[in-house]
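The file structure.pdb contains PDB, C-alpha atoms:
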```pdb
ATOM      1  CA  MET W   1       3.199 -33.415 -38.548
ATOM      2  CA  THR W   2       5.311 -30.930 -36.669
ATOM      3  CA  ALA W   3       3.711 -29.735 -33.453
ATOM      4  CA  HIS W   4       3.441 -26.010 -33.083
ATOM      5  CA  PRO W   5       3.337 -24.236 -29.736
ATOM      6  CA  ALA W   6      -0.092 -23.236 -28.668
ATOM      7  CA  ALA W   7      -0.993 -19.693 -29.621
ATOM      8  CA  PRO W   8      -1.814 -17.282 -26.830
ATOM      9  CA  ILE W   9      -5.478 -17.057 -25.991
ATOM     10  CA  PRO W  10      -6.766 -13.994 -27.891
ATOM     11  CA  GLU W  11      -8.860 -12.821 -24.953
ATOM     12  CA  ALA W  12      -5.820 -12.697 -22.668
ATOM     13  CA  ARG W  13      -4.213  -9.635 -24.236
ATOM     14  CA  PRO W  14      -7.213  -7.287 -23.734
ATOM     15  CA  GLN W  15      -7.465  -8.476 -20.121
ATOM     16  CA  VAL W  16      -3.788  -7.716 -19.491
ATOM     17  CA  LEU W  17      -4.210  -4.312 -21.150
ATOM     18  CA  LYS W  18      -7.203  -3.549 -18.914
ATOM     19  CA  ALA W  19      -5.222  -4.603 -15.831
ATOM     20  CA  ALA W  20      -2.319  -2.402 -16.960
ATOM     21  CA  LEU W  21      -4.666   0.589 -17.262
ATOM     22  CA  TRP W  22      -6.028  -0.024 -13.753
ATOM     23  CA  MET W  23      -2.454  -0.296 -12.463
ATOM     24  CA  LEU W  24      -1.603   2.997 -14.165
ATOM     25  CA  GLY W  25      -4.316   4.483 -11.962
ATOM     26  CA  THR W  26      -2.765   2.787  -8.910
ATOM     27  CA  ILE W  27       0.712   4.126  -9.721
ATOM     28  CA  THR W  28      -0.665   7.642 -10.296
ATOM     29  CA  ALA W  29      -2.645   7.558  -7.047
ATOM     30  CA  PHE W  30       0.236   6.364  -4.847
ATOM     31  CA  SER W  31       2.643   8.846  -6.440
ATOM     32  CA  SER W  32       0.127  11.666  -5.951
ATOM     33  CA  MET W  33      -0.206  10.769  -2.264
ATOM     34  CA  ALA W  34       3.564  10.905  -1.793
ATOM     35  CA  VAL W  35       3.892  14.303  -3.474
ATOM     36  CA  ALA W  36       0.870  15.685  -1.592
ATOM     37  CA  GLY W  37       2.306  14.470   1.719
ATOM     38  CA  ARG W  38       5.623  16.160   0.950
ATOM     39  CA  GLU W  39       3.876  19.423  -0.023
ATOM     40  CA  LEU W  40       1.794  19.454   3.173
ATOM     41  CA  SER W  41       4.633  18.643   5.569
ATOM     42  CA  ASP W  42       5.491  22.296   6.243
ATOM     43  CA  THR W  43       1.925  23.034   7.413
ATOM     44  CA  HIS W  44       0.229  19.861   8.636
ATOM     45  CA  ASP W  45       1.632  17.009  10.717
ATOM     46  CA  THR W  46       0.926  13.396   9.776
ATOM     47  CA  PHE W  47      -1.999  13.055  12.207
ATOM     48  CA  GLU W  48      -3.731  16.020  10.567
ATOM     49  CA  MET W  49      -3.105  14.582   7.108
ATOM     50  CA  MET W  50      -4.675  11.290   8.173
ATOM     51  CA  MET W  51      -7.657  12.996   9.847
ATOM     52  CA  TYR W  52      -8.501  15.130   6.824
ATOM     53  CA  ARG W  53      -7.833  12.219   4.472
ATOM     54  CA  SER W  54     -10.279  10.060   6.433
ATOM     55  CA  PHE W  55     -12.934  12.816   6.360
ATOM     56  CA  VAL W  56     -12.690  12.998   2.557
ATOM     57  CA  GLY W  57     -12.781   9.212   2.264
ATOM     58  CA  LEU W  58     -15.745   8.922   4.629
ATOM     59  CA  ILE W  59     -17.788  11.395   2.574
ATOM     60  CA  VAL W  60     -17.082   9.421  -0.603
ATOM     61  CA  VAL W  61     -17.797   6.000   0.957
ATOM     62  CA  VAL W  62     -21.048   7.161   2.613
ATOM     63  CA  ALA W  63     -22.218   8.622  -0.698
ATOM     64  CA  VAL W  64     -21.414   5.419  -2.628
ATOM     65  CA  VAL W  65     -22.961   3.092  -0.025
ATOM     66  CA  THR W  66     -26.106   5.264   0.064
ATOM     67  CA  LEU W  67     -26.457   5.454  -3.715
ATOM     68  CA  THR W  68     -25.950   1.690  -4.097
ATOM     69  CA  ARG W  69     -28.246   0.933  -1.124
ATOM     70  CA  ARG W  70     -25.731  -1.289   0.635
ATOM     71  CA  TRP W  71     -26.107  -0.076   4.227
ATOM     72  CA  ALA W  72     -27.423  -3.518   5.226
ATOM     73  CA  GLU W  73     -23.909  -4.857   4.558
ATOM     74  CA  VAL W  74     -22.337  -2.518   7.127
ATOM     75  CA  THR W  75     -22.391  -4.643  10.292
ATOM     76  CA  THR W  76     -20.718  -4.494  13.707
ATOM     77  CA  ARG W  77     -20.244  -8.242  14.182
ATOM     78  CA  SER W  78     -16.479  -8.073  13.545
ATOM     79  CA  MET W  79     -15.813  -4.817  15.356
ATOM     80  CA  PRO W  80     -12.767  -5.967  17.419
ATOM     81  CA  LEU W  81     -11.082  -7.123  14.208
ATOM     82  CA  GLN W  82     -12.126  -3.928  12.388
ATOM     83  CA  ILE W  83     -10.525  -1.848  15.153
ATOM     84  CA  ALA W  84      -7.316  -3.909  15.096
ATOM     85  CA  ARG W  85      -7.117  -3.709  11.303
ATOM     86  CA  ASN W  86      -7.588   0.053  11.214
ATOM     87  CA  ALA W  87      -5.243   0.717  14.126
ATOM     88  CA  ALA W  88      -2.521  -1.130  12.198
ATOM     89  CA  HIS W  89      -3.282   0.700   8.955
ATOM     90  CA  PHE W  90      -3.532   4.084  10.710
ATOM     91  CA  THR W  91      -0.131   3.547  12.328
ATOM     92  CA  GLY W  92       1.460   2.339   9.092
ATOM     93  CA  GLN W  93       0.071   5.228   7.058
ATOM     94  CA  ASN W  94       1.264   7.803   9.608
ATOM     95  CA  LEU W  95       4.749   6.302   9.551
ATOM     96  CA  TRP W  96       4.644   6.326   5.725
ATOM     97  CA  PHE W  97       3.724  10.017   5.561
ATOM     98  CA  PHE W  98       6.392  10.781   8.163
ATOM     99  CA  ALA W  99       9.015   8.957   6.074
ATOM    100  CA  VAL W 100       7.927  10.818   2.924
ATOM    101  CA  THR W 101       8.923  14.092   4.577
ATOM    102  CA  LEU W 102      12.411  12.907   5.595
ATOM    103  CA  ILE W 103      13.978  10.590   2.984
ATOM    104  CA  PRO W 104      13.944  10.264  -0.834
ATOM    105  CA  LEU W 105      10.576   9.155  -2.189
ATOM    106  CA  ALA W 106      12.162   6.204  -4.023
ATOM    107  CA  GLN W 107      13.626   4.903  -0.761
ATOM    108  CA  VAL W 108      10.209   5.101   0.923
ATOM    109  CA  PHE W 109       8.578   3.144  -1.904
ATOM    110  CA  ALA W 110      11.375   0.539  -1.983
ATOM    111  CA  LEU W 111      11.003  -0.190   1.733
ATOM    112  CA  GLU W 112       7.201  -0.202   1.415
ATOM    113  CA  PHE W 113       7.478  -3.030  -1.140
ATOM    114  CA  THR W 114       8.641  -5.332   1.680
ATOM    115  CA  PHE W 115       5.173  -5.589   3.229
ATOM    116  CA  PRO W 116       4.256  -8.825   1.350
ATOM    117  CA  LEU W 117       7.391 -10.404   2.819
ATOM    118  CA  TRP W 118       6.332  -9.384   6.311
ATOM    119  CA  VAL W 119       2.996 -11.074   5.563
ATOM    120  CA  LEU W 120       4.939 -14.292   4.881
ATOM    121  CA  VAL W 121       6.795 -14.005   8.183
ATOM    122  CA  LEU W 122       3.805 -13.029  10.332
ATOM    123  CA  SER W 123       1.095 -15.218   8.716
ATOM    124  CA  PRO W 124       2.075 -18.376  10.652
ATOM    125  CA  LEU W 125       1.588 -16.431  13.898
ATOM    126  CA  ILE W 126      -1.636 -14.593  13.013
ATOM    127  CA  LEU W 127      -3.359 -16.672  10.322
ATOM    128  CA  GLY W 128      -1.899 -20.085  11.127
ATOM    129  CA  GLU W 129      -0.464 -20.461   7.613
ATOM    130  CA  ARG W 130       2.548 -22.696   7.002
ATOM    131  CA  LEU W 131       5.968 -21.146   6.337
ATOM    132  CA  THR W 132       7.202 -23.249   3.420
ATOM    133  CA  PRO W 133      10.870 -23.374   2.326
ATOM    134  CA  VAL W 134      10.052 -21.216  -0.725
ATOM    135  CA  ARG W 135       8.299 -18.629   1.442
ATOM    136  CA  ALA W 136      11.233 -18.599   3.848
ATOM    137  CA  PHE W 137      13.699 -18.103   0.967
ATOM    138  CA  ALA W 138      11.528 -15.322  -0.476
ATOM    139  CA  ALA W 139      11.526 -13.576   2.902
ATOM    140  CA  ILE W 140      15.323 -13.886   3.163
ATOM    141  CA  LEU W 141      15.692 -12.354  -0.302
ATOM    142  CA  GLY W 142      13.474  -9.487   0.775
ATOM    143  CA  PHE W 143      15.509  -8.763   3.880
ATOM    144  CA  ILE W 144      18.698  -8.792   1.816
ATOM    145  CA  GLY W 145      16.996  -6.180  -0.359
ATOM    146  CA  ILE W 146      16.205  -4.106   2.746
ATOM    147  CA  LEU W 147      19.881  -4.135   3.699
ATOM    148  CA  ILE W 148      20.834  -2.965   0.192
ATOM    149  CA  VAL W 149      18.249  -0.163   0.210
ATOM    150  CA  ALA W 150      18.984   1.028   3.756
ATOM    151  CA  ARG W 151      22.741   0.187   3.802
ATOM    152  CA  PRO W 152      22.688   0.345   7.626
ATOM    153  CA  SER W 153      25.409   2.429   9.218
ATOM    154  CA  PRO W 154      25.479   5.298  11.716
ATOM    155  CA  GLU W 155      25.266   7.693   8.741
ATOM    156  CA  THR W 156      22.445   6.031   6.791
ATOM    157  CA  ILE W 157      20.067   4.845   9.528
ATOM    158  CA  ASN W 158      17.776   7.734  10.410
ATOM    159  CA  PRO W 159      14.172   8.220  11.601
ATOM    160  CA  GLY W 160      12.909   8.325   8.001
ATOM    161  CA  VAL W 161      14.369   4.927   7.082
ATOM    162  CA  ILE W 162      13.140   3.392  10.340
ATOM    163  CA  ALA W 163       9.650   4.849   9.802
ATOM    164  CA  ALA W 164       9.434   3.573   6.209
ATOM    165  CA  ALA W 165      10.572   0.079   7.220
ATOM    166  CA  ALA W 166       8.184   0.009  10.186
ATOM    167  CA  SER W 167       5.266   1.169   8.024
ATOM    168  CA  ALA W 168       5.679  -1.973   5.907
ATOM    169  CA  ILE W 169       5.232  -4.139   9.018
ATOM    170  CA  PHE W 170       2.014  -2.380   9.979
ATOM    171  CA  PHE W 171       0.740  -2.567   6.368
ATOM    172  CA  ALA W 172       1.385  -6.320   6.525
ATOM    173  CA  LEU W 173      -0.658  -6.584   9.731
ATOM    174  CA  SER W 174      -3.440  -4.607   8.068
ATOM    175  CA  ILE W 175      -3.420  -6.966   5.071
ATOM    176  CA  MET W 176      -3.651 -10.049   7.296
ATOM    177  CA  PHE W 177      -6.516  -8.610   9.356
ATOM    178  CA  THR W 178      -8.263  -7.682   6.086
ATOM    179  CA  ARG W 179      -7.924 -11.297   4.886
ATOM    180  CA  ARG W 180      -9.749 -12.460   7.979
ATOM    181  CA  LEU W 181     -12.426  -9.781   7.570
ATOM    182  CA  THR W 182     -13.146 -10.763   3.961
ATOM    183  CA  ARG W 183     -14.267 -14.188   5.184
ATOM    184  CA  THR W 184     -17.394 -12.629   6.720
ATOM    185  CA  GLU W 185     -17.613  -8.976   5.622
ATOM    186  CA  THR W 186     -18.177  -7.225   2.284
ATOM    187  CA  VAL W 187     -15.974  -4.558   0.719
ATOM    188  CA  ALA W 188     -18.575  -1.898   1.528
ATOM    189  CA  CYS W 189     -18.470  -2.829   5.225
ATOM    190  CA  ILE W 190     -14.662  -2.873   5.351
ATOM    191  CA  LEU W 191     -14.308   0.478   3.548
ATOM    192  CA  PHE W 192     -16.914   2.194   5.719
ATOM    193  CA  TRP W 193     -15.243   1.162   8.960
ATOM    194  CA  LEU W 194     -11.830   1.959   7.478
ATOM    195  CA  THR W 195     -12.731   5.596   6.869
ATOM    196  CA  PHE W 196     -14.969   6.012   9.945
ATOM    197  CA  LEU W 197     -12.627   4.475  12.509
ATOM    198  CA  GLN W 198      -9.532   6.159  11.089
ATOM    199  CA  ALA W 199     -11.329   9.508  11.157
ATOM    200  CA  ILE W 200     -11.948   8.981  14.882
ATOM    201  CA  MET W 201      -8.332   7.900  15.424
ATOM    202  CA  GLY W 202      -7.177  10.966  13.532
ATOM    203  CA  VAL W 203      -9.292  13.316  15.664
ATOM    204  CA  ILE W 204      -7.982  11.736  18.884
ATOM    205  CA  ALA W 205      -4.360  11.922  17.697
ATOM    206  CA  VAL W 206      -4.698  15.495  16.415
ATOM    207  CA  PHE W 207      -6.190  16.848  19.641
ATOM    208  CA  TRP W 208      -3.678  14.950  21.772
ATOM    209  CA  ASP W 209      -1.182  17.834  21.539
ATOM    210  CA  GLY W 210      -3.919  20.466  21.758
ATOM    211  CA  ALA W 211      -3.046  22.117  18.453
ATOM    212  CA  VAL W 212      -4.909  21.740  15.175
ATOM    213  CA  THR W 213      -3.987  23.465  11.929
ATOM    214  CA  LEU W 214      -7.031  24.165   9.790
ATOM    215  CA  PRO W 215      -6.814  23.765   6.015
ATOM    216  CA  THR W 216      -5.858  26.829   4.021
ATOM    217  CA  ALA W 217      -6.498  27.781   0.412
ATOM    218  CA  ARG W 218      -3.089  26.282  -0.412
ATOM    219  CA  THR W 219      -3.331  23.062   1.582
ATOM    220  CA  LEU W 220      -7.002  22.151   1.021
ATOM    221  CA  PRO W 221      -6.512  20.853  -2.564
ATOM    222  CA  TRP W 222      -3.567  18.700  -1.411
ATOM    223  CA  LEU W 223      -5.615  17.285   1.483
ATOM    224  CA  VAL W 224      -8.506  16.446  -0.843
ATOM    225  CA  LEU W 225      -6.020  14.842  -3.244
ATOM    226  CA  ILE W 226      -4.668  12.608  -0.458
ATOM    227  CA  GLY W 227      -8.175  11.494   0.472
ATOM    228  CA  LEU W 228      -9.249  10.734  -3.095
ATOM    229  CA  ALA W 229      -5.911   9.163  -4.071
ATOM    230  CA  GLY W 230      -5.997   6.827  -1.061
ATOM    231  CA  LEU W 231      -9.361   5.394  -2.118
ATOM    232  CA  ALA W 232      -8.460   5.386  -5.819
ATOM    233  CA  ALA W 233      -5.222   3.437  -5.252
ATOM    234  CA  HIS W 234      -6.980   0.553  -3.502
ATOM    235  CA  PHE W 235      -9.938   0.640  -5.903
ATOM    236  CA  CYS W 236      -7.678   0.439  -8.975
ATOM    237  CA  MET W 237      -5.488  -2.272  -7.436
ATOM    238  CA  THR W 238      -8.538  -4.382  -6.552
ATOM    239  CA  ASN W 239      -9.918  -4.106 -10.091
ATOM    240  CA  ALA W 240      -6.556  -5.001 -11.623
ATOM    241  CA  LEU W 241      -6.294  -8.130  -9.458
ATOM    242  CA  ALA W 242      -9.864  -9.076 -10.384
ATOM    243  CA  ILE W 243      -8.918  -8.992 -14.081
ATOM    244  CA  ALA W 244      -5.396 -10.452 -14.111
ATOM    245  CA  PRO W 245      -3.355 -12.676 -11.756
ATOM    246  CA  ALA W 246      -0.874 -11.255  -9.288
ATOM    247  CA  THR W 247       1.995 -12.550 -11.451
ATOM    248  CA  VAL W 248       0.897 -10.004 -14.079
ATOM    249  CA  VAL W 249      -0.161  -7.175 -11.772
ATOM    250  CA  MET W 250       2.880  -7.112  -9.493
ATOM    251  CA  PRO W 251       5.509  -6.403 -12.183
ATOM    252  CA  ILE W 252       3.343  -3.488 -13.354
ATOM    253  CA  ASP W 253       3.039  -2.212  -9.784
ATOM    254  CA  PHE W 254       6.830  -2.260  -9.496
ATOM    255  CA  ILE W 255       6.956   0.480 -12.161
ATOM    256  CA  ARG W 256       5.928   2.997  -9.507
ATOM    257  CA  LEU W 257       9.400   2.776  -7.967
ATOM    258  CA  PRO W 258      11.321   4.166 -10.970
ATOM    259  CA  ALA W 259       8.357   6.494 -11.618
ATOM    260  CA  ILE W 260       8.563   8.038  -8.144
ATOM    261  CA  ALA W 261      12.367   8.170  -8.424
ATOM    262  CA  VAL W 262      12.011  10.313 -11.559
ATOM    263  CA  ILE W 263       9.367  12.483  -9.876
ATOM    264  CA  GLY W 264      11.658  12.965  -6.873
ATOM    265  CA  PHE W 265      14.517  13.910  -9.186
ATOM    266  CA  LEU W 266      12.501  16.373 -11.304
ATOM    267  CA  VAL W 267      10.400  17.974  -8.554
ATOM    268  CA  TYR W 268      12.663  17.843  -5.495
ATOM    269  CA  GLY W 269      16.136  17.343  -6.963
ATOM    270  CA  GLU W 270      16.595  13.975  -5.233
ATOM    271  CA  ALA W 271      19.577  11.968  -6.433
ATOM    272  CA  LEU W 272      18.885   8.844  -8.517
ATOM    273  CA  ASP W 273      20.489   6.240  -6.226
ATOM    274  CA  VAL W 274      21.253   3.046  -8.153
ATOM    275  CA  TRP W 275      21.520   1.008  -4.936
ATOM    276  CA  ILE W 276      17.900   1.777  -4.058
ATOM    277  CA  LEU W 277      16.860   0.301  -7.408
ATOM    278  CA  VAL W 278      19.149  -2.736  -6.944
ATOM    279  CA  GLY W 279      17.760  -3.409  -3.478
ATOM    280  CA  ALA W 280      14.215  -2.937  -4.725
ATOM    281  CA  LEU W 281      14.835  -5.464  -7.504
ATOM    282  CA  VAL W 282      15.977  -8.007  -4.899
ATOM    283  CA  ILE W 283      12.844  -7.289  -2.842
ATOM    284  CA  PHE W 284      10.745  -7.662  -5.990
ATOM    285  CA  ALA W 285      12.441 -10.996  -6.765
ATOM    286  CA  GLY W 286      11.503 -12.335  -3.339
ATOM    287  CA  ASN W 287       7.895 -11.189  -3.700
ATOM    288  CA  TYR W 288       7.555 -12.492  -7.247
ATOM    289  CA  LEU W 289       9.102 -15.864  -6.391
ATOM    290  CA  ASN W 290       6.486 -16.401  -3.712
ATOM    291  CA  ILE W 291       3.573 -15.270  -5.883
ATOM    292  CA  TRP W 292       4.723 -17.392  -8.851
ATOM    293  CA  THR W 293       5.157 -20.466  -6.658
ATOM    294  CA  GLU W 294       1.752 -20.058  -4.994
ATOM    295  CA  THR W 295       0.043 -19.515  -8.365
ATOM    296  CA  ARG W 296       1.724 -22.608  -9.834
ATOM    297  CA  ARG W 297       0.800 -24.708  -6.783
ATOM    298  CA  LYS W 298      -2.873 -23.700  -7.043
ATOM    299  CA  ARG W 299      -2.944 -24.535 -10.766
ATOM    300  CA  VAL W 300      -1.514 -27.985 -10.079
ATOM    301  CA  ALA W 301      -4.000 -28.534  -7.264
TER     302      ALA W 301
END
```
In structure tokens, what does this structure look like?
Amino acid sequence: MTAHPAAPIPEARPQVLKAALWMLGTITAFSSMAVAGRELSDTHDTFEMMMYRSFVGLIVVVAVVTLTRRWAEVTTRSMPLQIARNAAHFTGQNLWFFAVTLIPLAQVFALEFTFPLWVLVLSPLILGERLTPVRAFAAILGFIGILIVARPSPETINPGVIAAAASAIFFALSIMFTRRLTRTETVACILFWLTFLQAIMGVIAVFWDGAVTLPTARTLPWLVLIGLAGLAAHFCMTNALAIAPATVVMPIDFIRLPAIAVIGFLVYGEALDVWILVGALVIFAGNYLNIWTETRRKRVA
């Protein structure tokens, strides 16, 4: 008899569809944050955006933890690591919002996609993980993509590009500290300290220059949107990864680059730069190569 290829598992398609729907929420949330940050830039600085965002997030997290009766999970045993994690994330998010106000949104998102490659480079130093040849090649691909996106020259290197690239490094540090926290702490604990500590950092940073701009009728909805979108993006991403593997989720996540490019073109008249997309594809290739290799290795093991 002639052997026929195995048919796809019927249950797999609904799972992929569910993951795609969660990722649609992630794409919408991240895009909303970028637009809100751009709209607020003429009134609020990045420290104020982060402070108000953290206040909104803290209200939501406290309400959820109270309703689900999970306060016992919120511990202080990993406080030094919680502070380090949130300092890195706070810095990265401020740099991200700063970049959003200066350079095309698509360029910000393309450079942000390099943070998994920075995780590869920094993990041997922070987590003690081994830098394999495949990981090293993936990182090299990513940095080639950075060069294509930024096209460094006296004319193209500016504070916005530097801020976007630097934000990816701090996001990578935040991810690695979060990995260590998940070994002992629950999601409820991590999210509470994320919003609480970053609210304190925001207050300190805002009052550093002695000037605070209060929300207005125009800016308040955008500030609330940033706070809700920040939580929604991570919530949707987490659910998508719980349903489908990263090899499925990541290509869907990459859709937010052309999506934000179209938004930038329609809303702000930003040019559709083909080299940003080319560079982003190279960055994506490096990320996907690493994820595919790690997934295959775990299956074999």
**Asked** Around (16.0, 9.3, -8.2) in the file's frame, which residues reach within 8 Å when counting only C-alpha atoms? Return as number ranges by chain?
**Response** W: 104, 106, 258, 260-265, 270-273
**Request:** Provide the CA of Arg53 in chain W to CA of Leu266 in chain W distance in Å, to one decimal place.
**Result:**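 According to the coordinates, CA of Arg53 in chain W and CA of Leu266 in chain W are separated by 26.1 Å.
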**Request:** Please write the residues picked by the PyMOL selection byres ((chain W and resi 37-47) around 8) on this file as a ChimeraX atom specification.
**Result:** /W:33-36,48-51,94,97-98,100-101,202,205-206,213,219,222-223,226
**Message:** Can you spell out as a PyMOL selection string the set of residues that the PyMOL selection byres ((chain W and resi 114-130) around 9) selects in the structure I just provided?
**Reply:** chain W and resi 110-113+131-132+135-136+138-140+142-143+145-146+165+167-173+175-177+179-180+280+283-284+286-287+290
**Request:** Could you please determine the separation between CA of Asn86 in chain W and CA of Leu194 in chain W in Å, to one decimal place?
**Result:**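 Computing it gives 6.0 Å between the two atoms.
Near Leu289 in chain W, within 8 Å and counting all atoms listed in the file, sit Val134, Ala138, Ala285 and Thr293 of chain W; same-chain residues fewer than 4 positions away were not included.
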Could you save those same residues with C-alpha atoms as a JSON list (two decimals), in the frame of the given file?
```json
[["chain", "number", "residue", "atom", "x", "y", "z"],
["W", 134, "VAL", "CA", 10.05, -21.22, -0.72],
["W", 138, "ALA", "CA", 11.53, -15.32, -0.48],
["W", 285, "ALA", "CA", 12.44, -11.00, -6.76],
["W", 293, "THR", "CA", 5.16, -20.47, -6.66]]
```
**Message:** When you count only C-alpha atoms, which of these residues is closest to Arg151 in chain W: W:Trp22, W:Trp275, W:Phe254, W:Tyr52?
**Reply:**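 Counting only C-alpha atoms, the residue closest to Arg151 in chain W is W:Trp275.
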**Message:** If I take CA of Thr186 in chain W and CA of Leu24 in chain W, how far is one from the other in Å, to one decimal?
**Reply:**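 We find that CA of Thr186 in chain W and CA of Leu24 in chain W lie 25.5 Å from each other.
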**Request:** Return the single residue from W:Cys189, W:Ile27, W:Ile103, W:Ala87 that is closest to Met250 in chain W, with distances computed using only C-alpha atoms.
**Result:**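 Looking at the shortest contact to Met250 in chain W, the residue is W:Ile27.
Between Ile255 in chain W and the residues W:Val65, W:Phe235, W:Leu277, W:Thr184, the shortest atom-to-atom distance, using only C-alpha atoms, involves W:Leu277.
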**Asked** Taking all atoms listed in the file into account, which of W:Ile162, W:Leu257, W:Ala229, W:Ile190 comes nearest Trp71 in chain W?
**Response** W:Ile190
Working from the structure I just supplied, which lacks atoms in range 43-66 of chain W, can you model N, CA and C atoms there and output them as an mmCIF file, in the coordinates of the input?
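Final output, saved to selection.cif:
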```cif
data_model
loop_
_atom_site.group_PDB
_atom_site.id
_atom_site.type_symbol
_atom_site.label_atom_id
_atom_site.label_comp_id
_atom_site.auth_asym_id
_atom_site.auth_seq_id
_atom_site.Cartn_x
_atom_site.Cartn_y
_atom_site.Cartn_z
ATOM 1 N N THR W 43 3.107 22.427 6.784
ATOM 2 C CA THR W 43 1.925 23.034 7.413
ATOM 3 C C THR W 43 1.183 22.074 8.329
ATOM 4 N N HIS W 44 1.006 20.846 7.880
ATOM 5 C CA HIS W 44 0.229 19.861 8.636
ATOM 6 C C HIS W 44 1.120 18.698 9.060
ATOM 7 N N ASP W 45 0.907 18.215 10.303
ATOM 8 C CA ASP W 45 1.632 17.009 10.717
ATOM 9 C C ASP W 45 0.900 15.780 10.177
ATOM 10 N N THR W 46 1.487 14.614 10.379
ATOM 11 C CA THR W 46 0.926 13.396 9.776
ATOM 12 C C THR W 46 -0.458 13.056 10.338
ATOM 13 N N PHE W 47 -0.691 13.343 11.621
ATOM 14 C CA PHE W 47 -1.999 13.055 12.207
ATOM 15 C C PHE W 47 -3.085 13.897 11.528
ATOM 16 N N GLU W 48 -2.764 15.161 11.251
ATOM 17 C CA GLU W 48 -3.731 16.020 10.567
ATOM 18 C C GLU W 48 -3.982 15.534 9.139
ATOM 19 N N MET W 49 -2.922 15.125 8.461
ATOM 20 C CA MET W 49 -3.105 14.582 7.108
ATOM 21 C C MET W 49 -4.048 13.392 7.136
ATOM 22 N N MET W 50 -3.843 12.491 8.096
ATOM 23 C CA MET W 50 -4.675 11.290 8.173
ATOM 24 C C MET W 50 -6.113 11.632 8.542
ATOM 25 N N MET W 51 -6.308 12.609 9.445
ATOM 26 C CA MET W 51 -7.657 12.996 9.847
ATOM 27 C C MET W 51 -8.422 13.564 8.655
ATOM 28 N N TYR W 52 -7.819 14.522 7.964
ATOM 29 C CA TYR W 52 -8.501 15.130 6.824
ATOM 30 C C TYR W 52 -8.689 14.125 5.689
ATOM 31 N N ARG W 53 -7.696 13.261 5.498
ATOM 32 C CA ARG W 53 -7.833 12.219 4.472
ATOM 33 C C ARG W 53 -9.030 11.328 4.774
ATOM 34 N N SER W 54 -9.175 10.941 6.051
ATOM 35 C CA SER W 54 -10.279 10.060 6.433
ATOM 36 C C SER W 54 -11.622 10.751 6.269
ATOM 37 N N PHE W 55 -11.688 12.073 6.551
ATOM 38 C CA PHE W 55 -12.934 12.816 6.360
ATOM 39 C C PHE W 55 -13.356 12.781 4.892
ATOM 40 N N VAL W 56 -12.399 13.028 3.997
ATOM 41 C CA VAL W 56 -12.690 12.998 2.557
ATOM 42 C C VAL W 56 -13.155 11.596 2.148
ATOM 43 N N GLY W 57 -12.417 10.580 2.599
ATOM 44 C CA GLY W 57 -12.781 9.212 2.264
ATOM 45 C C GLY W 57 -14.144 8.824 2.797
ATOM 46 N N LEU W 58 -14.462 9.263 4.017
ATOM 47 C CA LEU W 58 -15.745 8.922 4.629
ATOM 48 C C LEU W 58 -16.897 9.519 3.836
ATOM 49 N N ILE W 59 -16.736 10.753 3.381
ATOM 50 C CA ILE W 59 -17.788 11.395 2.574
ATOM 51 C C ILE W 59 -18.036 10.595 1.300
ATOM 52 N N VAL W 60 -16.953 10.179 0.648
ATOM 53 C CA VAL W 60 -17.082 9.421 -0.603
ATOM 54 C C VAL W 60 -17.730 8.063 -0.349
ATOM 55 N N VAL W 61 -17.275 7.347 0.678
ATOM 56 C CA VAL W 61 -17.797 6.000 0.957
ATOM 57 C C VAL W 61 -19.271 6.066 1.353
ATOM 58 N N VAL W 62 -19.642 7.025 2.205
ATOM 59 C CA VAL W 62 -21.048 7.161 2.613
ATOM 60 C C VAL W 62 -21.923 7.447 1.397
ATOM 61 N N ALA W 63 -21.443 8.302 0.508
ATOM 62 C CA ALA W 63 -22.218 8.622 -0.698
ATOM 63 C C ALA W 63 -22.406 7.388 -1.574
ATOM 64 N N VAL W 64 -21.340 6.609 -1.766
ATOM 65 C CA VAL W 64 -21.414 5.419 -2.628
ATOM 66 C C VAL W 64 -22.315 4.350 -2.006
ATOM 67 N N VAL W 65 -22.142 4.110 -0.702
ATOM 68 C CA VAL W 65 -22.961 3.092 -0.025
ATOM 69 C C VAL W 65 -24.438 3.494 -0.047
ATOM 70 N N THR W 66 -24.718 4.788 0.095
ATOM 71 C CA THR W 66 -26.106 5.264 0.064
ATOM 72 C C THR W 66 -26.709 5.112 -1.331
#
```
